[in-house]
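Peer 1: Okay, handing you the structure first.
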Amino acid sequence: MQQDKSLLYEFKKGLWQDIPPFRLLLGLCPALAVSNSAINGLSMGLATLFVLFTSNIVVSLIRRTISAKVRIPAYVVVIATLVTVTDIFLAAVFPAISKALGPYIPLIVANCIILGRAEAFAQKNALLPTAMDTLGIGIGFTMSLTLMGTIREVLGFGSVFGMQLLGSWFEPWIVMILPAGAFLVLGGLVALVSWISSRKAARARAAETAAS
């Protein structure tokens, strides 16, 4: 039972406590670059989730057989191989998405979330905790990019996932599909998440004080 709770915690922390773009401020390059539409955000998030989950599982399995002197290069080779597989798959099966994401799929290799989780968690923990940790972080990252993409697409195009949401009366906010829009949305969501977290912490402290 205690192990189940621990595994659940490892999964849940990536959905809020350690959500990469808004709490850890990691993975900001794709968050800013490809989140001009919901489908782009979702696609980049899923691609990153696949590489993050698979690479960290491999790292957890081989962690005892890799010398500390070549640990980082070995992890990079694993990550680069999986990114190449992802890039080829998207180009073959979803060419439109592959073209829209452009060079940002290969740049997953340099995504600090992936190597950071490999170094900070996967190389120190067994398979199940690593799987739950990376699933939570990956899903949290995917949700974050999709949320940013949805906000920017609705305000910038009046649509969501390519489907028209607002009528001809709506005047698109062109800034939302430009780089400045990405910074505005990211800053607003970071502030919102920080405010919600501070409110939750304040309520928890008040409850502890009342109980004591």
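Convention: chains lettered A, B, ... in structure tokens order; per-chain residue numbering from 1; ligands numbered from 1 as shown.
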Hey, which bits of region 60-169 of chain A sit within 7 Å of region 10-19 of chain A, and for each residue what's the closest pair of atoms and how far apart in Å (one decimal), counting only C-alpha atoms, rows by chain and increasing number, as CSV?
Peer 2:
```
residue,atom,partner,partner_atom,distance
A:Pro129,CA,A:Glu10,CA,6.6
A:Met132,CA,A:Phe11,CA,4.7
A:Asp133,CA,A:Glu10,CA,4.8
A:Leu135,CA,A:Phe11,CA,6.5
A:Gly136,CA,A:Gly14,CA,4.4
A:Ile137,CA,A:Gly14,CA,4.1
A:Ile139,CA,A:Leu15,CA,7.0
A:Gly140,CA,A:Leu15,CA,4.5
A:Phe141,CA,A:Ile19,CA,6.5
```
Peer 1: Could you give me, as JSON lines, a per-residue list for region 57-105 of chain A showing, wherever an atom lies at most 9 Å from an atom of region 25-43 of chain A, the closest pair of atoms and their distance in Å to one decimal, using only C-alpha atoms and sorting by chain then residue number from low to high?
Peer 2:
```
{"residue": "A:Ile97", "atom": "CA", "partner": "A:Asn40", "partner_atom": "CA", "distance": 7.1}
{"residue": "A:Ala100", "atom": "CA", "partner": "A:Asn40", "partner_atom": "CA", "distance": 7.3}
{"residue": "A:Leu101", "atom": "CA", "partner": "A:Val34", "partner_atom": "CA", "distance": 6.5}
{"residue": "A:Tyr104", "atom": "CA", "partner": "A:Pro30", "partner_atom": "CA", "distance": 6.7}
{"residue": "A:Ile105", "atom": "CA", "partner": "A:Pro30", "partner_atom": "CA", "distance": 8.9}
```
Peer 1: Going by DSSP on the backbone, which bits of chain A are strand (DSSP E)? Write them as a ChimeraX atom specification, please.
Peer 2: /A:159-160,163-164
Peer 1: Considering only C-alpha atoms, state which residue in the set A:Ala118, A:Ala92, A:Ala126, A:Gly138 is at the smallest distance from Phe50 (chain A).
Peer 2: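 Closest to Phe50 (chain A) of all the choices is A:Gly138.
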Peer 1: Got a sec: who's within 10 Å of Ala110 (chain A), counting only C-alpha atoms, leaving out chain neighbours fewer than 2 positions off, as a PyMOL selection string?
Peer 2: chain A and resi 27+29+76+79-80+104+106-108+112-115
Peer 1: Near region 160-162 of chain A, counting only C-alpha atoms, which residues have an atom at most 10 Å away, once you skip same-chain residues fewer than 2 positions from it, shown as an MDAnalysis selection string?
Peer 2: chainID A and resid 37:40 42 146 149:155 157:158 164:166
Peer 1: Filtering to C-alpha atoms, could you give me those residues as a PDB file, in the first residue's frame?
Peer 2:
```pdb
ATOM      1  CA  SER A  37      -2.050  26.163 -32.171  1.00  0.00           C
ATOM      2  CA  ALA A  38      -3.562  23.400 -30.067  1.00  0.00           C
ATOM      3  CA  ILE A  39      -2.601  20.609 -32.478  1.00  0.00           C
ATOM      4  CA  ASN A  40       1.012  21.753 -32.598  1.00  0.00           C
ATOM      5  CA  LEU A  42      -0.382  18.488 -28.434  1.00  0.00           C
ATOM      6  CA  THR A 146      -1.836  22.008 -25.436  1.00  0.00           C
ATOM      7  CA  GLY A 149      -1.723  26.318 -27.953  1.00  0.00           C
ATOM      8  CA  THR A 150      -5.464  26.358 -27.313  1.00  0.00           C
ATOM      9  CA  ILE A 151      -5.384  29.837 -25.764  1.00  0.00           C
ATOM     10  CA  ARG A 152      -3.235  31.254 -28.570  1.00  0.00           C
ATOM     11  CA  GLU A 153      -5.270  29.583 -31.324  1.00  0.00           C
ATOM     12  CA  VAL A 154      -8.609  30.733 -29.914  1.00  0.00           C
ATOM     13  CA  LEU A 155      -7.423  34.318 -29.531  1.00  0.00           C
ATOM     14  CA  PHE A 157      -7.515  32.494 -35.119  1.00  0.00           C
ATOM     15  CA  GLY A 158     -10.877  32.085 -33.392  1.00  0.00           C
ATOM     16  CA  GLN A 164     -13.877  27.459 -36.083  1.00  0.00           C
ATOM     17  CA  LEU A 165     -15.051  28.425 -32.628  1.00  0.00           C
ATOM     18  CA  LEU A 166     -15.812  32.122 -32.925  1.00  0.00           C
TER      19      LEU A 166
END
```
Peer 1: How many Å lie between CA of Ala191 (chain A) and CA of Thr134 (chain A), rounded to one decimal?
Peer 2: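 CA of Thr134 (chain A) lies 24.7 Å from CA of Ala191 (chain A).
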Peer 1: Return the single residue from A:Ser98, A:Gln123, A:Ser159, A:Ser6 that is closest to Ser67 (chain A), with distances computed using only C-alpha atoms.
Peer 2: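 Checking each of A:Ser98, A:Gln123, A:Ser159, A:Ser6 against Ser67 (chain A), counting only C-alpha atoms, the winner is A:Gln123.
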Peer 1: Identify, on the basis of only C-alpha atoms, every residue whose closest approach to Ser55 (chain A) does not exceed 7 Å; exclude the query and any residue fewer than 3 positions from it along the same chain; express the result as a list of chain:residue names.
Peer 2: A:Val51, A:Leu52, A:Val58, A:Val59, A:Val78, A:Ile79
Peer 1: Env of Phe121 (chain A): 9 Å cut, atoms = only C-alpha atoms, seq-sep filter 3 positions within chain, self excluded. Answer as a PDB file with C-alpha atoms, in the first residue's frame.
Peer 2:
```
ATOM      1  CA  ASN A  56      14.278   7.223 -19.025  1.00  0.00           C
ATOM      2  CA  SER A  60      16.798   3.099 -15.417  1.00  0.00           C
ATOM      3  CA  GLY A 116      17.428  16.360 -16.502  1.00  0.00           C
ATOM      4  CA  ARG A 117      15.000  13.596 -15.488  1.00  0.00           C
ATOM      5  CA  ALA A 118      17.470  10.945 -16.650  1.00  0.00           C
ATOM      6  CA  LYS A 124      18.957   6.706  -9.249  1.00  0.00           C
ATOM      7  CA  ASN A 125      15.665   4.806  -9.234  1.00  0.00           C
ATOM      8  CA  PRO A 129       9.166   4.805  -9.963  1.00  0.00           C
ATOM      9  CA  THR A 130      10.954   6.016 -13.104  1.00  0.00           C
ATOM     10  CA  ASP A 133       7.780   9.964 -12.723  1.00  0.00           C
TER      11      ASP A 133
END
```
